[in-house]
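Chemist: Just passing along the structure, written as structure tokens.
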Amino acid sequence: MCVEYITIGDLNKYLKKIFDNDRNLQEVYIKGEISNFKAHTRGHFYFTLKDETSRINAVMFSYKASMLKFIPSDGMKVLVRGKISVYEATGSYQIYVEEMDQDGLGNLYIEFEKLKKKLASEGLFDQDKKKKIPKVPKKIGIVTASTGAAIRDILTTIKRRFPICETILFPSLVQGVDAAKDIVKNIELANTFDIDTLIVGRGGGSIEDLWPFNEEIVARAIYESKVPVISAVGHEIDFTIADFVADLRAPTPTAAAELAVPNIETIKTYLDNAISRSTISINNCIDIRKQNLSNLINSYILKKPTAMYEIKEQSLDFLIDKLNKQMKLIIDNVNIRLFKVVNSYILTNPEILYKFKQQNLSHLINKLDVLNPMNTIKRGYAIVKCNDKVVSDISNVKCDDIIDINIKNGIINAKVLEVNHGKE
């Protein structure tokens, strides 16, 4: 019997081909716990997925690992999607991970990011839509559990910082399946009261405990509140959808109370300083007015009021003299002009002007007679026209042109038979 031996590499290639052609192994969803986790310097993740009875090697390449929203670690329970294939170098089969989420927390995180993106696109987080928190409120509403550290911290802080501020508690469920609806109901109820600011929150807890503040109905109730809302959910590192949509986010319930009311000692100091500045300002105004009054009382005009009258009298005399001089000057100039006109040669000898004008007219008539072309024609000359234009040069006509010869007592029409260009 002849036996054919194959190499290990050929065997692993054969097994890999079988795995890669199995449609059931091209997309599998499994859950398990991470162990032996290693992040390679090139960005790839290598780890083992295990449950109570079995384990499988896993690899997640860098172009997929870079999209994770969390950092995997040993002991973390995860949900993965990927394909099963054989790694030829070792002959072991493993899962090539395409997506990975934290089991339980991972699904909540996906829901959180999905809702956050949706509300952000609708403008619920826009800063220009945030309402201002009153600096000196008279009445503050609080939506939280009626027992626990959160309400104690809020009330204690408000009483310590600003004891004259009134508070109204709207007891609400802050955990569990019915908590979101109860929070919404109390926010809407608080808006029917005459309050300046509304604090909505609870103390710390797991993400599941804080989840009611990640519900869409709570986010929309906060956004639609006519009263400015300060969110105070969990600890400083906790962020919820309520924090993004609220008009102001406080890292803790205590911090929310500090943001909601001023420190009365600060106000007292401010008022003391304001009173001091006002007193100084008023005293300065009084001193200035006193000095102005003293200056008026001791002024030269008030002590000798007739002095001002005397100055005005003297000025009036000066103006009257100046006016009289100007009037006299004008009258003198007019009289001189009148005298010249009355005694002018023309007025005393008007016939001379007539004779001058007559001589001038005769001179003009003689000039017109000299320039009159008709007088020239009367002496035997003629005016030749061609096409209604005077012929002043032989170049103005050519053979066969019809010309008009204007003489003393008529017009002769002629035809040009020959044009002789003679020298002048």
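All residue names refer to the structure tokens as shown: chains lettered A, B, ... in order, residues numbered from 1 in each chain, ligands numbered from 1 in order.
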DSSP on the backbone: which residues in range 199-315 of chain A end up as alpha helix (DSSP H)? Give the answer as a ChimeraX atom specification.
Modeler: /A:207-210,216-224,241-245,253-260,264-297,300-303,305-315
Chemist: Within range 15-78 of chain A, find each residue whose DSSP state, derived from the backbone, is strand (DSSP E), and express the selection as a list of chain:residue names.
Modeler: A:Val28, A:Tyr29, A:Ile30, A:Lys31, A:Gly32, A:Glu33, A:Ile34, A:Ser35, A:Asn36, A:Phe37, A:Lys38, A:Ala39, A:Phe45, A:Tyr46, A:Phe47, A:Thr48, A:Leu49, A:Lys50, A:Arg55, A:Ile56, A:Asn57, A:Ala58, A:Val59, A:Met60, A:Lys77, A:Val78
Chemist: Excluding Leu198 in chain A and its own-chain neighbours fewer than 3 positions away, which residues fall within 8 Å of it when counting only C-alpha atoms? Please give them as a VMD selection string.
Modeler: chain A and resid 140 to 143 190 195 227 to 230
Chemist: Pick from A:Ser85, A:Asp182, A:Gln94, A:Ile383: nearest to Asn57 in chain A, with only C-alpha atoms counted?
Modeler: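 Of A:Ser85, A:Asp182, A:Gln94, A:Ile383, the one nearest Asn57 in chain A, counting only C-alpha atoms, is A:Gln94.
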Chemist: Leaving out range 59-65 of chain A and any residue of its chain fewer than 5 positions from it, which residues lie within 9 Å of it when counting only C-alpha atoms, given as a list of chain:residue names?
Modeler: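 The residues satisfying every condition are A:Arg42, A:Gly43, A:His44, A:Phe45, A:Tyr46, A:Phe47, A:Thr48, A:Gln94, A:Ile95, A:Tyr96, A:Val97, A:Glu98, A:Glu99, A:Met100.
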Chemist: Write out the residues from the selection above, keeping N, CA and C atoms, as a short mmCIF file (atom, residue, chain, number, x, y, z; two decimals), in the first residue's frame.
Modeler:
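Result file follows (result_17.cif):
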data_model
loop_
_atom_site.label_atom_id
_atom_site.label_comp_id
_atom_site.auth_asym_id
_atom_site.auth_seq_id
_atom_site.Cartn_x
_atom_site.Cartn_y
_atom_site.Cartn_z
N ARG A 42 1.62 48.06 17.45
CA ARG A 42 1.09 48.46 16.15
C ARG A 42 -0.41 48.71 16.19
N GLY A 43 -1.02 48.57 17.37
CA GLY A 43 -2.43 48.88 17.51
C GLY A 43 -3.36 47.68 17.47
N HIS A 44 -2.83 46.47 17.21
CA HIS A 44 -3.68 45.28 17.19
C HIS A 44 -3.95 44.80 18.62
N PHE A 45 -5.13 44.17 18.83
CA PHE A 45 -5.49 43.59 20.12
C PHE A 45 -5.47 42.06 20.00
N TYR A 46 -4.79 41.41 20.95
CA TYR A 46 -4.79 39.94 21.03
C TYR A 46 -5.30 39.55 22.41
N PHE A 47 -6.26 38.62 22.44
CA PHE A 47 -6.81 38.22 23.74
C PHE A 47 -7.53 36.87 23.59
N THR A 48 -7.99 36.37 24.72
CA THR A 48 -8.76 35.12 24.75
C THR A 48 -10.16 35.43 25.25
N GLN A 94 -9.35 30.71 15.39
CA GLN A 94 -9.57 31.87 16.23
C GLN A 94 -10.63 32.76 15.60
N ILE A 95 -11.13 33.69 16.39
CA ILE A 95 -12.12 34.63 15.88
C ILE A 95 -11.45 35.96 15.55
N TYR A 96 -11.75 36.46 14.35
CA TYR A 96 -11.25 37.76 13.91
C TYR A 96 -12.38 38.76 14.18
N VAL A 97 -12.16 39.59 15.20
CA VAL A 97 -13.23 40.45 15.71
C VAL A 97 -13.41 41.68 14.82
N GLU A 98 -14.67 41.92 14.42
CA GLU A 98 -15.03 43.10 13.64
C GLU A 98 -15.59 44.21 14.55
N GLU A 99 -16.44 43.85 15.49
CA GLU A 99 -17.05 44.80 16.42
C GLU A 99 -17.03 44.22 17.82
N MET A 100 -16.95 45.09 18.82
CA MET A 100 -16.95 44.63 20.21
C MET A 100 -17.60 45.69 21.09
#
Chemist: For Asn191 in chain A, work out the shell of residues within 7 Å, counting only C-alpha atoms and skipping chain neighbours fewer than 4 positions away, then give it as a list of chain:residue names.
Modeler: A:Ile187, A:Ser225, A:Lys226, A:Val227
Chemist: Between CA of Ile412 in chain A and CA of Asn375 in chain A, what distance in Å does the model show, to one decimal?
Modeler: 18.4 Å
Chemist: Please list as a PDB file with C-alpha atoms, in the first residue's frame every residue within 10 Å of Val200 in chain A, counting only C-alpha atoms and excluding residues in the same chain fewer than 3 positions away.
Modeler:
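Here's the written file part.pdb:
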ATOM      1  CA  GLY A 141     -37.477  73.965  43.141  1.00  0.00           C
ATOM      2  CA  ILE A 142     -35.775  70.591  43.619  1.00  0.00           C
ATOM      3  CA  VAL A 143     -36.721  67.400  41.749  1.00  0.00           C
ATOM      4  CA  THR A 144     -35.034  64.453  43.459  1.00  0.00           C
ATOM      5  CA  ALA A 145     -35.676  61.693  45.958  1.00  0.00           C
ATOM      6  CA  PHE A 170     -40.886  67.792  44.365  1.00  0.00           C
ATOM      7  CA  SER A 172     -39.508  61.924  42.666  1.00  0.00           C
ATOM      8  CA  VAL A 174     -34.800  58.628  40.573  1.00  0.00           C
ATOM      9  CA  ILE A 183     -39.182  62.833  36.884  1.00  0.00           C
ATOM     10  CA  ASN A 186     -42.451  66.534  38.646  1.00  0.00           C
ATOM     11  CA  ILE A 187     -40.605  68.829  36.190  1.00  0.00           C
ATOM     12  CA  THR A 197     -34.522  77.927  39.338  1.00  0.00           C
ATOM     13  CA  PHE A 213     -31.619  60.704  33.380  1.00  0.00           C
ATOM     14  CA  ILE A 222     -35.861  69.629  30.778  1.00  0.00           C
ATOM     15  CA  VAL A 229     -32.756  73.913  35.005  1.00  0.00           C
ATOM     16  CA  ILE A 230     -29.516  72.915  36.750  1.00  0.00           C
ATOM     17  CA  SER A 231     -28.702  69.210  36.348  1.00  0.00           C
ATOM     18  CA  ALA A 232     -27.033  67.474  39.303  1.00  0.00           C
ATOM     19  CA  VAL A 233     -26.717  63.793  38.489  1.00  0.00           C
ATOM     20  CA  ALA A 242     -29.839  65.491  31.214  1.00  0.00           C
ATOM     21  CA  ASP A 243     -26.471  67.249  31.743  1.00  0.00           C
ATOM     22  CA  ALA A 246     -29.922  71.354  31.017  1.00  0.00           C
ATOM     23  CA  ARG A 249     -24.584  71.245  34.534  1.00  0.00           C
ATOM     24  CA  PRO A 253     -25.833  67.938  43.979  1.00  0.00           C
ATOM     25  CA  ALA A 256     -25.736  72.479  42.023  1.00  0.00           C
TER      26      ALA A 256
END
Chemist: Skip Leu115 in chain A itself and residues of its chain fewer than 5 positions away, then list as a PyMOL selection string all residues within 12 Å of it, counting only C-alpha atoms.
Modeler: chain A and resi 108-110+120-122+124-125+213-220+240-242+244-245
Chemist: Find, counting only C-alpha atoms, the residue in A:Ser395, A:Thr192, A:Asn263, A:Thr269 that gets nearest to Ile164 in chain A.
Modeler: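 Using only C-alpha atoms, Ile164 in chain A sits closest to A:Asn263.
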Chemist: I'd like a table as CSV: residues in range 91-112 of chain A with an atom no more than 10 Å from range 72-76 of chain A, each row giving the shortest atom pair and its distance in Å to one decimal, only C-alpha atoms counted, sorted by chain and rising residue number.
Modeler:
residue,atom,partner,partner_atom,distance
A:Met100,CA,A:Pro72,CA,9.2
A:Asp101,CA,A:Pro72,CA,9.3
A:Gln102,CA,A:Met76,CA,7.4
A:Asp103,CA,A:Met76,CA,8.3
Chemist: Of the residues A:Asn12, A:Asp388, A:Asp317, A:Leu248, which is the one nearest to Lys130 in chain A, using only C-alpha atoms?
Modeler: A:Leu248
Chemist: CA of Ala414 in chain A and CA of Ala382 in chain A, how far apart in Å?
Modeler: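 Answer for the CA of Ala382 in chain A to CA of Ala414 in chain A separation: 13.3 Å.
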